[in-house]
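J.: Input file: protein_39.tsv. Contents: TSV, C-alpha atoms.
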chain	number	residue	atom	x	y	z
A	1	MET	CA	-3.94	-25.90	72.13
A	2	THR	CA	-2.69	-28.59	74.42
A	3	ALA	CA	-5.13	-31.33	75.31
A	4	LEU	CA	-4.84	-31.06	79.09
A	5	ALA	CA	-5.65	-34.04	81.25
A	6	GLY	CA	-8.29	-31.99	83.10
A	7	GLU	CA	-10.32	-31.49	79.89
A	8	LEU	CA	-10.80	-35.21	79.24
A	9	VAL	CA	-14.17	-36.85	79.86
A	10	PRO	CA	-13.97	-39.63	82.49
A	11	ALA	CA	-14.18	-42.56	80.02
A	12	THR	CA	-11.36	-41.12	77.93
A	13	ARG	CA	-9.31	-40.31	80.99
A	14	ASN	CA	-9.64	-43.92	82.21
A	15	GLY	CA	-8.74	-45.31	78.80
A	16	LEU	CA	-5.72	-42.99	78.56
A	17	SER	CA	-4.60	-43.99	82.07
A	18	LEU	CA	-4.67	-47.67	81.13
A	19	LEU	CA	-2.80	-47.05	77.88
A	20	LEU	CA	-0.09	-45.04	79.66
A	21	LEU	CA	0.14	-47.62	82.46
A	22	ALA	CA	0.46	-50.46	79.93
A	23	MET	CA	3.17	-48.64	77.95
A	24	ALA	CA	5.09	-47.52	81.04
A	25	ASP	CA	4.97	-50.92	82.75
A	26	ASP	CA	6.06	-52.64	79.53
A	27	GLU	CA	9.13	-50.40	79.20
A	28	PHE	CA	9.88	-50.63	82.93
A	29	VAL	CA	9.72	-54.42	83.11
A	30	ILE	CA	11.65	-55.14	79.91
A	31	GLY	CA	14.21	-52.51	80.90
A	32	PHE	CA	14.82	-54.12	84.28
A	33	SER	CA	14.71	-57.62	82.87
A	34	ASP	CA	17.28	-56.88	80.17
A	35	SER	CA	19.50	-55.00	82.63
A	36	GLU	CA	20.13	-58.41	84.20
A	37	TRP	CA	22.61	-58.98	81.35
A	38	THR	CA	24.89	-56.24	82.69
A	39	GLY	CA	28.14	-58.00	83.53
A	40	ILE	CA	27.16	-61.43	82.18
A	41	ALA	CA	26.28	-60.94	78.49
A	42	PRO	CA	27.87	-63.43	76.06
A	43	MET	CA	30.37	-60.83	74.84
A	44	LEU	CA	31.60	-57.47	76.06
A	45	GLU	CA	30.01	-55.51	73.20
A	46	GLU	CA	26.62	-57.01	74.05
A	47	ASP	CA	27.11	-56.18	77.70
A	48	VAL	CA	27.45	-52.53	76.68
A	49	ALA	CA	24.58	-52.72	74.18
A	50	MET	CA	22.05	-54.42	76.44
A	51	SER	CA	22.88	-52.13	79.36
A	52	SER	CA	22.44	-49.04	77.15
A	53	ILE	CA	19.15	-50.35	75.75
A	54	ALA	CA	17.90	-51.07	79.28
A	55	GLN	CA	18.83	-47.52	80.30
A	56	ASP	CA	16.86	-46.12	77.34
A	57	GLU	CA	13.81	-48.21	78.29
A	58	LEU	CA	13.87	-47.07	81.91
A	59	GLY	CA	14.08	-43.47	80.69
A	60	HIS	CA	11.00	-44.04	78.52
A	61	ALA	CA	9.20	-45.63	81.48
A	62	GLN	CA	10.06	-42.66	83.70
A	63	ALA	CA	8.66	-40.17	81.17
A	64	LEU	CA	5.51	-42.26	80.60
A	65	TYR	CA	4.91	-42.60	84.37
A	66	GLY	CA	5.31	-38.81	84.54
A	67	LEU	CA	2.52	-38.32	81.97
A	68	LEU	CA	0.40	-40.88	83.81
A	69	ALA	CA	0.89	-38.99	87.09
A	70	GLU	CA	-0.53	-35.86	85.41
A	71	VAL	CA	-3.54	-37.75	84.04
A	72	VAL	CA	-4.50	-39.57	87.25
A	73	ALA	CA	-3.52	-36.54	89.42
A	74	ASP	CA	-3.86	-38.46	92.68
A	75	GLY	CA	-0.74	-37.06	94.32
A	76	ARG	CA	1.62	-39.88	93.31
A	77	ASP	CA	4.73	-38.98	91.33
A	78	ALA	CA	6.43	-41.12	88.68
A	79	ASP	CA	8.54	-43.00	91.25
A	80	ALA	CA	5.58	-43.77	93.49
A	81	ILE	CA	3.67	-45.23	90.55
A	82	ALA	CA	6.70	-47.17	89.34
A	83	TYR	CA	7.72	-48.75	92.64
A	84	ASP	CA	4.93	-48.66	95.23
A	85	ARG	CA	2.59	-51.30	93.83
A	86	PRO	CA	2.31	-55.00	94.68
A	87	PRO	CA	3.25	-57.37	91.81
A	88	GLU	CA	-0.41	-57.97	90.87
A	89	GLY	CA	-0.88	-54.20	90.41
A	90	TYR	CA	1.46	-54.14	87.39
A	91	TYR	CA	-0.07	-54.00	83.94
A	92	HIS	CA	2.71	-55.15	81.59
A	93	ALA	CA	2.06	-57.65	78.81
A	94	ARG	CA	2.43	-61.33	79.65
A	95	LEU	CA	5.20	-61.57	77.04
A	96	LEU	CA	7.34	-59.70	79.56
A	97	ASP	CA	6.46	-62.07	82.40
A	98	HIS	CA	8.91	-64.66	81.13
A	99	PRO	CA	12.29	-64.77	82.85
A	100	ARG	CA	15.33	-63.45	80.98
A	101	GLY	CA	16.24	-66.95	79.81
A	102	ASP	CA	19.22	-67.56	77.52
A	103	TRP	CA	20.52	-65.09	74.94
A	104	ALA	CA	18.29	-66.47	72.16
A	105	HIS	CA	15.26	-66.11	74.45
A	106	THR	CA	16.16	-62.48	75.22
A	107	ILE	CA	16.60	-61.72	71.50
A	108	ALA	CA	13.35	-63.47	70.52
A	109	ARG	CA	11.39	-61.59	73.15
A	110	ARG	CA	13.00	-58.25	72.36
A	111	TYR	CA	12.22	-58.70	68.68
A	112	LEU	CA	8.55	-59.52	69.37
A	113	TYR	CA	8.28	-56.64	71.85
A	114	ASP	CA	10.20	-53.96	69.92
A	115	THR	CA	8.26	-54.56	66.71
A	116	ALA	CA	4.91	-54.42	68.55
A	117	ASP	CA	5.97	-51.34	70.52
A	118	SER	CA	6.97	-49.65	67.29
A	119	VAL	CA	3.46	-50.24	65.87
A	120	ARG	CA	1.95	-48.87	69.08
A	121	LEU	CA	4.13	-45.71	68.91
A	122	GLU	CA	3.29	-45.16	65.23
A	123	ALA	CA	-0.42	-45.24	66.16
A	124	LEU	CA	0.23	-42.19	68.37
A	125	THR	CA	1.87	-40.08	65.64
A	126	GLY	CA	-1.17	-37.81	65.31
A	127	SER	CA	-2.52	-38.25	68.84
A	128	ALA	CA	-4.91	-35.60	70.15
A	129	HIS	CA	-3.21	-35.90	73.54
A	130	GLU	CA	-0.26	-33.70	72.67
A	131	PRO	CA	2.07	-34.63	75.54
A	132	LEU	CA	1.79	-38.30	74.55
A	133	ARG	CA	2.14	-37.49	70.85
A	134	ASP	CA	5.35	-35.53	71.50
A	135	LEU	CA	6.83	-38.16	73.81
A	136	ALA	CA	5.97	-41.00	71.41
A	137	ALA	CA	7.75	-39.13	68.58
A	138	LYS	CA	10.83	-38.75	70.75
A	139	ILE	CA	10.79	-42.40	71.88
A	140	ARG	CA	10.56	-43.60	68.27
A	141	ARG	CA	13.86	-41.92	67.41
A	142	GLU	CA	15.62	-43.90	70.13
A	143	GLU	CA	13.84	-47.18	69.42
A	144	ARG	CA	15.17	-47.15	65.86
A	145	TYR	CA	18.57	-48.15	67.27
A	146	HIS	CA	17.00	-50.96	69.32
A	147	GLU	CA	15.27	-52.34	66.24
A	148	MET	CA	18.49	-52.28	64.20
A	149	HIS	CA	20.28	-54.13	66.99
A	150	VAL	CA	17.70	-56.83	67.64
A	151	GLY	CA	16.95	-57.29	63.94
A	152	ALA	CA	20.63	-58.04	63.26
A	153	TRP	CA	20.70	-60.58	66.11
A	154	LEU	CA	17.49	-62.31	65.02
A	155	GLU	CA	18.97	-62.68	61.55
A	156	ARG	CA	22.26	-64.00	62.93
A	157	LEU	CA	20.65	-66.63	65.17
A	158	ALA	CA	18.06	-67.69	62.58
A	159	THR	CA	20.60	-68.19	59.80
A	160	THR	CA	23.28	-69.98	61.83
A	161	PRO	CA	22.54	-73.71	61.71
A	162	GLY	CA	22.88	-75.87	64.77
A	163	GLU	CA	22.65	-74.54	68.31
A	164	PRO	CA	21.91	-70.85	67.51
A	165	ARG	CA	18.89	-71.64	65.30
A	166	ARG	CA	17.75	-74.46	67.56
A	167	ARG	CA	17.77	-72.17	70.62
A	168	LEU	CA	15.97	-69.38	68.76
A	169	LEU	CA	13.21	-71.77	67.65
A	170	ALA	CA	12.88	-73.12	71.20
A	171	ALA	CA	12.54	-69.55	72.54
A	172	LEU	CA	9.91	-68.61	69.94
A	173	GLY	CA	8.05	-71.79	70.93
A	174	ARG	CA	8.08	-70.88	74.64
A	175	LEU	CA	6.94	-67.31	73.89
A	176	ALA	CA	4.35	-68.18	71.20
A	177	ALA	CA	1.23	-68.14	73.39
A	178	ASP	CA	2.11	-64.70	74.83
A	179	ALA	CA	3.73	-63.17	71.74
A	180	ALA	CA	0.69	-61.09	70.76
A	181	THR	CA	-0.10	-59.73	74.23
A	182	VAL	CA	1.56	-56.30	73.75
A	183	LEU	CA	-1.10	-55.04	71.32
A	184	ALA	CA	-4.07	-56.89	72.87
A	185	PRO	CA	-7.15	-54.61	72.99
A	186	LEU	CA	-7.22	-52.50	76.16
A	187	PRO	CA	-10.44	-51.80	78.09
A	188	GLY	CA	-11.74	-48.40	77.02
A	189	GLU	CA	-9.71	-48.29	73.81
A	190	LEU	CA	-12.74	-47.31	71.71
A	191	SER	CA	-13.08	-44.06	73.63
A	192	LEU	CA	-9.43	-43.38	72.84
A	193	VAL	CA	-10.01	-44.00	69.14
A	194	MET	CA	-13.11	-41.76	69.19
A	195	ALA	CA	-11.14	-39.00	70.95
A	196	GLY	CA	-8.34	-39.25	68.38
A	197	ILE	CA	-5.77	-40.27	71.00
A	198	VAL	CA	-4.93	-43.57	69.25
A	199	ASP	CA	-5.54	-44.01	65.54
A	200	ALA	CA	-6.91	-47.58	65.67
A	201	PRO	CA	-8.08	-50.31	68.11
A	202	GLY	CA	-5.84	-53.17	69.23
A	203	ASP	CA	-7.10	-55.65	66.64
A	204	ASP	CA	-6.03	-53.33	63.83
A	205	LEU	CA	-2.66	-52.75	65.48
A	206	ASP	CA	-2.20	-56.54	65.72
A	207	ALA	CA	-2.83	-56.82	61.97
A	208	ARG	CA	-0.28	-54.04	61.31
A	209	TRP	CA	2.26	-55.84	63.50
A	210	ARG	CA	1.78	-59.10	61.63
A	211	SER	CA	2.27	-57.44	58.27
A	212	LYS	CA	5.38	-55.72	59.65
A	213	ILE	CA	7.10	-58.89	60.89
A	214	GLY	CA	5.59	-61.33	58.35
A	215	PRO	CA	8.16	-60.85	55.55
A	216	THR	CA	11.09	-61.27	58.00
A	217	PHE	CA	9.62	-64.40	59.57
A	218	GLU	CA	8.94	-65.85	56.11
A	219	ARG	CA	12.43	-65.07	54.80
A	220	LEU	CA	14.06	-66.57	57.91
A	221	ASP	CA	11.62	-69.52	57.89
A	222	LEU	CA	10.41	-68.86	61.44
A	223	PRO	CA	6.90	-69.73	62.73
A	224	MET	CA	4.57	-66.71	62.96
A	225	PRO	CA	3.10	-66.14	66.45
A	226	PRO	CA	-0.43	-67.55	66.76
A	227	ALA	CA	-3.46	-65.34	67.37
A	228	LEU	CA	-4.01	-64.44	71.01
A	229	SER	CA	-6.40	-66.86	72.72
A	230	ASP	CA	-7.12	-64.83	75.87
A	231	ALA	CA	-7.04	-61.08	75.15
A	232	ALA	CA	-8.72	-60.24	78.48
A	233	GLY	CA	-5.89	-61.87	80.44
A	234	ALA	CA	-3.09	-60.36	78.33
A	235	ARG	CA	-1.88	-58.10	81.17
A	236	THR	CA	-2.93	-59.88	84.35
A	237	GLY	CA	-2.06	-63.02	86.31
A	238	HIS	CA	1.67	-62.36	86.49
A	239	SER	CA	4.24	-65.15	86.82
A	240	ASP	CA	6.49	-66.20	89.69
A	241	ALA	CA	9.41	-65.01	87.57
A	242	PHE	CA	7.91	-61.51	87.59
A	243	ARG	CA	7.33	-61.69	91.36
A	244	SER	CA	11.05	-62.40	91.81
A	245	LEU	CA	11.98	-59.52	89.48
A	246	HIS	CA	9.58	-57.22	91.35
A	247	ALA	CA	11.14	-58.13	94.71
A	248	GLU	CA	14.55	-57.27	93.28
A	249	LEU	CA	13.65	-54.03	91.52
A	250	THR	CA	11.74	-52.60	94.51
A	251	SER	CA	14.32	-53.68	97.11
A	252	VAL	CA	16.17	-50.36	97.39
A	253	ARG	CA	12.94	-48.37	97.45
A	254	ARG	CA	11.61	-50.57	100.26
A	255	LEU	CA	14.80	-50.25	102.33
A	256	GLU	CA	14.03	-46.66	103.28
A	257	PRO	CA	10.51	-45.61	102.21
A	258	GLY	CA	10.26	-41.91	101.44
A	259	ALA	CA	14.01	-41.42	101.13
A	260	THR	CA	15.16	-38.77	98.67
A	261	TRP	CA	18.32	-39.03	96.60
B	262	MET	CA	24.17	-7.90	88.97
B	263	ILE	CA	25.23	-8.15	85.35
B	264	GLY	CA	23.48	-5.77	82.97
B	265	ALA	CA	20.07	-6.10	84.65
B	266	ALA	CA	18.71	-3.03	82.89
B	267	VAL	CA	19.36	-4.19	79.33
B	268	LEU	CA	19.07	-7.95	79.71
B	269	ASP	CA	17.90	-9.51	76.46
B	270	GLU	CA	17.61	-12.96	74.96
B	271	ALA	CA	20.91	-12.74	73.07
B	272	THR	CA	22.78	-11.98	76.28
B	273	VAL	CA	21.23	-14.99	78.00
B	274	ARG	CA	21.99	-17.26	75.04
B	275	ALA	CA	25.58	-16.04	75.02
B	276	ALA	CA	25.86	-16.96	78.70
B	277	LEU	CA	24.38	-20.41	78.01
B	278	ALA	CA	27.19	-21.01	75.50
B	279	GLY	CA	29.34	-21.40	78.61
B	280	VAL	CA	27.31	-24.33	79.98
B	281	LEU	CA	29.23	-27.45	78.96
B	282	ASP	CA	27.84	-30.94	78.49
B	283	PRO	CA	28.92	-32.89	81.60
B	284	GLU	CA	29.64	-36.06	79.61
B	285	ILE	CA	31.48	-34.39	76.69
B	286	PRO	CA	32.76	-31.16	78.25
B	287	VAL	CA	34.14	-29.74	75.01
B	288	VAL	CA	30.69	-28.86	73.67
B	289	SER	CA	28.10	-26.56	75.22
B	290	VAL	CA	24.35	-26.99	75.45
B	291	VAL	CA	24.13	-24.35	72.72
B	292	ASP	CA	26.54	-26.28	70.45
B	293	LEU	CA	24.36	-29.36	70.95
B	294	GLY	CA	21.15	-27.49	70.04
B	295	MET	CA	19.59	-28.25	73.41
B	296	VAL	CA	18.36	-24.69	74.01
B	297	GLU	CA	14.98	-24.11	72.36
B	298	THR	CA	13.30	-20.96	73.67
B	299	VAL	CA	14.65	-18.30	76.04
B	300	ASP	CA	12.13	-15.90	77.56
B	301	VAL	CA	13.49	-12.94	79.46
B	302	GLU	CA	10.70	-11.55	81.60
B	303	ALA	CA	10.77	-8.72	84.12
B	304	ASP	CA	10.69	-11.09	87.08
B	305	ARG	CA	12.30	-14.27	85.73
B	306	ILE	CA	14.20	-16.02	82.96
B	307	ARG	CA	12.64	-19.11	81.42
B	308	VAL	CA	14.70	-21.56	79.39
B	309	GLU	CA	13.07	-24.38	77.41
B	310	MET	CA	15.57	-27.17	76.83
B	311	LEU	CA	15.40	-30.37	74.80
B	312	PRO	CA	16.90	-33.56	76.24
B	313	THR	CA	19.14	-35.38	73.75
B	314	PHE	CA	17.96	-38.70	75.18
B	315	ILE	CA	14.81	-39.14	77.28
B	316	GLY	CA	16.58	-41.03	80.04
B	317	CYS	CA	19.79	-38.99	80.01
B	318	PRO	CA	21.09	-39.08	83.59
B	319	ALA	CA	22.92	-35.75	83.08
B	320	LEU	CA	19.74	-33.65	82.84
B	321	ASP	CA	19.66	-32.64	86.51
B	322	LEU	CA	23.33	-31.65	86.37
B	323	ILE	CA	22.68	-29.60	83.23
B	324	ARG	CA	19.69	-27.92	84.85
B	325	ASP	CA	21.82	-26.95	87.87
B	326	SER	CA	24.59	-25.64	85.60
B	327	VAL	CA	22.12	-23.48	83.65
B	328	VAL	CA	20.63	-22.04	86.83
B	329	GLY	CA	24.13	-21.38	88.20
B	330	ARG	CA	25.32	-19.79	84.98
B	331	LEU	CA	22.37	-17.38	84.81
B	332	ALA	CA	22.27	-16.61	88.54
B	333	GLY	CA	24.34	-13.45	88.01
B	334	PHE	CA	21.48	-11.84	86.06
B	335	GLY	CA	19.64	-11.49	89.37
B	336	ARG	CA	16.31	-13.05	88.39
B	337	PRO	CA	14.86	-16.46	89.22
B	338	VAL	CA	15.67	-19.00	86.49
B	339	GLU	CA	13.20	-21.68	85.37
B	340	VAL	CA	14.50	-24.55	83.26
B	341	ASP	CA	11.98	-26.85	81.58
B	342	PHE	CA	12.99	-30.01	79.78
B	343	GLY	CA	10.29	-31.06	77.33
B	344	PHE	CA	9.49	-32.94	74.16
B	345	ARG	CA	7.33	-30.33	72.39
B	346	VAL	CA	10.13	-30.20	69.85
B	347	PRO	CA	12.00	-33.52	69.60
B	348	TRP	CA	15.76	-33.02	69.84
B	349	SER	CA	17.55	-34.44	66.83
B	350	SER	CA	21.24	-34.67	66.04
B	351	ASP	CA	20.61	-32.24	63.13
B	352	ARG	CA	20.41	-29.55	65.80
B	353	ILE	CA	24.13	-29.82	66.62
B	354	THR	CA	25.74	-26.68	65.20
B	355	ASP	CA	28.63	-26.70	62.71
B	356	GLU	CA	30.86	-25.38	65.46
B	357	GLY	CA	29.65	-28.15	67.77
B	358	ARG	CA	30.44	-30.77	65.12
B	359	GLU	CA	33.94	-29.42	64.69
B	360	LYS	CA	34.54	-29.40	68.46
B	361	LEU	CA	33.33	-33.01	68.68
B	362	ARG	CA	35.58	-34.10	65.82
B	363	ARG	CA	38.65	-32.40	67.30
B	364	SER	CA	38.01	-34.26	70.57
B	365	GLY	CA	37.87	-37.67	68.90
B	366	PHE	CA	34.08	-38.01	68.51
B	367	ALA	CA	32.73	-38.55	65.01
B	368	PRO	CA	29.83	-36.12	64.50
B	369	PRO	CA	26.44	-37.65	63.57
B	370	THR	CA	25.85	-38.36	59.89
B	371	ALA	CA	22.64	-38.88	57.94
B	372	ASP	CA	23.79	-42.41	57.18
B	373	LEU	CA	26.10	-44.55	59.36
B	374	THR	CA	28.24	-45.41	56.30
B	375	ALA	CA	29.10	-41.70	55.96
B	376	THR	CA	30.92	-41.78	59.32
B	377	ARG	CA	34.61	-40.84	59.04
B	378	CYS	CA	37.46	-41.40	61.48
B	379	PRO	CA	37.78	-38.19	63.54
B	380	TYR	CA	41.57	-38.68	63.79
B	381	CYS	CA	42.67	-39.43	60.20
B	382	GLY	CA	39.49	-38.87	58.15
B	383	SER	CA	39.52	-42.43	56.78
B	384	ALA	CA	36.31	-43.99	55.51
B	385	ASN	CA	37.78	-47.44	56.12
B	386	ILE	CA	36.05	-47.96	59.44
B	387	ALA	CA	34.07	-50.67	61.22
B	388	LEU	CA	31.01	-50.19	63.40
B	389	ASP	CA	31.84	-52.19	66.54
B	390	ASN	CA	28.70	-51.41	68.50
B	391	LEU	CA	25.60	-49.30	67.87
B	392	PHE	CA	25.72	-48.63	71.62
B	393	GLY	CA	28.48	-47.10	73.70
B	394	PRO	CA	29.50	-45.76	77.10
B	395	THR	CA	26.63	-43.25	77.17
B	396	GLN	CA	23.21	-43.33	75.55
B	397	CYS	CA	24.16	-40.91	72.79
B	398	ARG	CA	27.28	-42.65	71.44
B	399	SER	CA	28.27	-45.65	69.26
B	400	LEU	CA	31.65	-47.41	69.03
B	401	PHE	CA	33.78	-47.58	65.87
B	402	TYR	CA	37.23	-48.79	64.85
B	403	CYS	CA	39.37	-47.11	62.20
B	404	ARG	CA	41.29	-49.58	60.02
B	405	GLY	CA	43.25	-46.67	58.57
B	406	CYS	CA	44.99	-45.43	61.73
B	407	ARG	CA	44.07	-48.48	63.87
B	408	GLN	CA	42.37	-46.37	66.45
B	409	PRO	CA	39.04	-47.03	68.19
B	410	PHE	CA	36.76	-43.99	68.35
B	411	GLU	CA	33.27	-43.00	69.40
B	412	GLY	CA	30.57	-41.47	67.24
B	413	PHE	CA	27.53	-39.44	68.17
B	414	LYS	CA	24.33	-41.35	67.37
B	415	THR	CA	22.11	-40.00	64.60
B	416	LEU	CA	18.75	-39.31	66.16
Once you've parsed the file, please lay out its structure as structure tokens.
T.:
Amino acid sequence: MTALAGELVPATRNGLSLLLLAMADDEFVIGFSDSEWTGIAPMLEEDVAMSSIAQDELGHAQALYGLLAEVVADGRDADAIAYDRPPEGYYHARLLDHPRGDWAHTIARRYLYDTADSVRLEALTGSAHEPLRDLAAKIRREERYHEMHVGAWLERLATTPGEPRRRLLAALGRLAADAATVLAPLPGELSLVMAGIVDAPGDDLDARWRSKIGPTFERLDLPMPPALSDAAGARTGHSDAFRSLHAELTSVRRLEPGATW
Amino acid sequence: MIGAAVLDEATVRAALAGVLDPEIPVVSVVDLGMVETVDVEADRIRVEMLPTFIGCPALDLIRDSVVGRLAGFGRPVEVDFGFRVPWSSDRITDEGREKLRRSGFAPPTADLTATRCPYCGSANIALDNLFGPTQCRSLFYCRGCRQPFEGFKTL
């Protein structure tokens, strides 16, 4: 029996909407941000890789916005939700508010994000909301390739003395305060846990994430991200860098509102 | 109208074997294991399909090809792409694997190290890039016959 959006009690529906919005916006923003490497990556193979990863992420965002459209059922489709909001209406984690930066910065952020996203997807393995459970299972299969890629790069930068390691450490330093924002507790998450939609609250997911990345950070002698100081602001108060990205990514949509392709 | 009176699932599936993948047009959607359920009803044909990759830009083209291919049966055709069953590369048929290999694409393997050069069969290969020209492919180089080749990702 499929758990249809219409059968959800209001508190659960609101919690599910926020979870889907957070996941979709995260994939959308990192996908667009990383697509900025197309044509200018440090080597041709990475140009191909980062462009392909960005394409995967935008596909995930599109599918998640589609599920969100069914849950909120307010007449907007996936594209309308994705593009027709002002910058302050986006709900991505502050980790993704940082500009693309240099290659080490992109790798550091992708590693922090991909590992946290993987914990979030695992927490949906047995979700009572079947459409989300099925989509999360499908996304995980694709993300495995992203994790292999970024893990190899983290290792390469961390173990190459001189500029590579120095740049990686500088990037981790810049990202430290926002590193744990992806799994920060969401409003209404307890109703999702009670309804069996997510298997644990954000604090537990944060602990799982730390035990997942801990051994790698220890082996590579990298500083673990600190605990989040402002969980309530983890997805609000977006940066000027995001405002610029938003202006760029909505530019075609704004050229001819309502156009169909 | 083609065989409207006796239309059954097997006939529809046989027709779908003629719908080729737009990015690798040597294999069909049936070879790739993208066709899950086929329901032949009195007033319509419903086809449940599984996307290989969630963001695959070829899905709309494939949908149109399926509708076009089945149009001759004289009933409305509904194509649903969904994730109820996650597509995996294990679903590619033996025939599909052989067609891929003959066209220079290494079929997916349980383990990347089991990949073999589709041209000379050598195991002396290098993985150049986990990612390739489309979402479903990786790039390799064969040190045996000194030929670059693409491999289907294992999903």
J.: Based on all atoms listed in the file, which of the residues in chain B come within 7 Å of chain A? I want them as an NGL selection string.
T.: :B and (315-316 or 344-345 or 347 or 390 or 392-393 or 396 or 416)
J.: Residues as selected, C-alpha atoms, written as an mmCIF file, in the frame of the given file, can you do that?
T.:
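File written: selection-v1.cif
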data_model
loop_
_atom_site.group_PDB
_atom_site.id
_atom_site.type_symbol
_atom_site.label_atom_id
_atom_site.label_comp_id
_atom_site.auth_asym_id
_atom_site.auth_seq_id
_atom_site.Cartn_x
_atom_site.Cartn_y
_atom_site.Cartn_z
ATOM 1 C CA ILE B 315 14.810 -39.140 77.280
ATOM 2 C CA GLY B 316 16.580 -41.030 80.040
ATOM 3 C CA PHE B 344 9.490 -32.940 74.160
ATOM 4 C CA ARG B 345 7.330 -30.330 72.390
ATOM 5 C CA PRO B 347 12.000 -33.520 69.600
ATOM 6 C CA ASN B 390 28.700 -51.410 68.500
ATOM 7 C CA PHE B 392 25.720 -48.630 71.620
ATOM 8 C CA GLY B 393 28.480 -47.100 73.700
ATOM 9 C CA GLN B 396 23.210 -43.330 75.550
ATOM 10 C CA LEU B 416 18.750 -39.310 66.160
#
J.: Need the shell around Gly343 in chain B: protein/DNA/RNA residues with any atom at most 8 Å away, counting all atoms listed in the file. Skip same-chain ones fewer than 2 positions apart. Format as a ChimeraX atom specification?
T.: /B:309-312,341,345-346
J.: What is the CA of Thr250 in chain A-CA of Ala82 in chain A distance in Å, reported with one decimal?
T.: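 These two atoms are separated by 9.0 Å.
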J.: Taking (-9.4, -39.8, 64.5) in the file's own coordinates, collect the residues within 12 Å, counting all atoms listed in the file, and hand them back as a PyMOL selection string.
T.: chain A and resi 123-129+190-201
J.: CA of Phe217 in chain A to CA of Glu147 in chain A: how many Å, to one decimal?
T.: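 According to the coordinates, CA of Phe217 in chain A and CA of Glu147 in chain A are separated by 14.9 Å.
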J.: Report, in Å with one decimal, the straight-line distance from CA of Val290 in chain B to CA of Leu400 in chain B.
T.: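 It comes out at 22.6 Å.
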J.: For a quick check of understanding, using all atoms listed in the file, which of B:Val308, B:Leu277, B:Val288, B:Val340 has the smallest distance to Arg362 in chain B?
T.: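 Looking at the shortest contact to Arg362 in chain B, the residue is B:Val288.
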J.: Using all atoms listed in the file for the distances, tell me which of B:Leu361, B:Ala275, B:Ala387, B:Val338 is nearest to Tyr402 in chain B.
T.: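 Nearest candidate to Tyr402 in chain B out of B:Leu361, B:Ala275, B:Ala387, B:Val338: B:Ala387.
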J.: Within 12 Å of (33.7, -45.0, 59.1), in the coordinates the file gives, what residues turn up when you count all atoms listed in the file, written out as a PyMOL selection string?
T.: chain B and resi 366-370+372-389+399-412
J.: If we count all atoms listed in the file, what is near Phe242 in chain A at a cut-off of 9 Å, once residues fewer than 5 positions away on the same chain are taken out, given as an mmCIF file with C-alpha atoms, keeping the file's coordinate frame?
T.:
data_model
loop_
_atom_site.group_PDB
_atom_site.id
_atom_site.type_symbol
_atom_site.label_atom_id
_atom_site.label_comp_id
_atom_site.auth_asym_id
_atom_site.auth_seq_id
_atom_site.Cartn_x
_atom_site.Cartn_y
_atom_site.Cartn_z
ATOM 1 C CA VAL A 29 9.720 -54.420 83.110
ATOM 2 C CA PRO A 87 3.250 -57.370 91.810
ATOM 3 C CA LEU A 96 7.340 -59.700 79.560
ATOM 4 C CA ASP A 97 6.460 -62.070 82.400
ATOM 5 C CA HIS A 98 8.910 -64.660 81.130
ATOM 6 C CA PRO A 99 12.290 -64.770 82.850
ATOM 7 C CA ALA A 247 11.140 -58.130 94.710
#
J.: Given the choices A:Glu36, A:Glu256, A:Glu248, A:Asp203, which gets closest to Leu186 in chain A if the distance is worked out from all atoms listed in the file?
T.: A:Asp203
J.: Taking 6 positions as the minimum chain separation for residues in the same chain, which residues sit within 7 Å of Leu293 in chain B when counting all atoms listed in the file? Answer as a ChimeraX atom specification.
T.: /B:352-354,357
J.: Please save C-alpha atoms of the selected residues as a CSV table (one decimal), keeping the file's coordinate frame.
T.:
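Saved the output as part36.csv:
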chain,number,residue,atom,x,y,z
B,352,ARG,CA,20.4,-29.6,65.8
B,353,ILE,CA,24.1,-29.8,66.6
B,354,THR,CA,25.7,-26.7,65.2
B,357,GLY,CA,29.6,-28.2,67.8
J.: Would you compute an axis-aligned box for range 320-330 of chain B, covering every atom listed for it in the file with 6 Å of margin on each side, and report centre and edge lengths in Å to one decimal as lines of an AutoDock Vina configuration file?
T.:
center_x = 22.5
center_y = -26.7
center_z = 85.5
size_x = 17.7
size_y = 25.9
size_z = 17.4
J.: Counting all atoms listed in the file, which residue out of A:Glu7, A:Asp84, A:Asp77, A:Asp178 sits closest to Pro225 in chain A?
T.: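 Using all atoms listed in the file, Pro225 in chain A sits closest to A:Asp178.
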J.: Excluding same-chain residues fewer than 3 positions from Asp34 in chain A, what lies within 7 Å of it counting only C-alpha atoms, as a PDB file with C-alpha atoms, in the coordinates of the input?
T.:
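As a result, part_16.pdb now contains:
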ATOM      1  CA  ILE A  30      11.650 -55.140  79.910  1.00  0.00           C
ATOM      2  CA  GLY A  31      14.210 -52.510  80.900  1.00  0.00           C
ATOM      3  CA  TRP A  37      22.610 -58.980  81.350  1.00  0.00           C
ATOM      4  CA  MET A  50      22.050 -54.420  76.440  1.00  0.00           C
ATOM      5  CA  ALA A  54      17.900 -51.070  79.280  1.00  0.00           C
ATOM      6  CA  ARG A 100      15.330 -63.450  80.980  1.00  0.00           C
TER       7      ARG A 100
END
J.: Looking at only C-alpha atoms, which of B:Arg398, B:Gly365, B:Pro283, B:Leu268 is the one that sits closest to Pro318 in chain B?
T.: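 Result for the nearest residue to Pro318 in chain B: B:Pro283.
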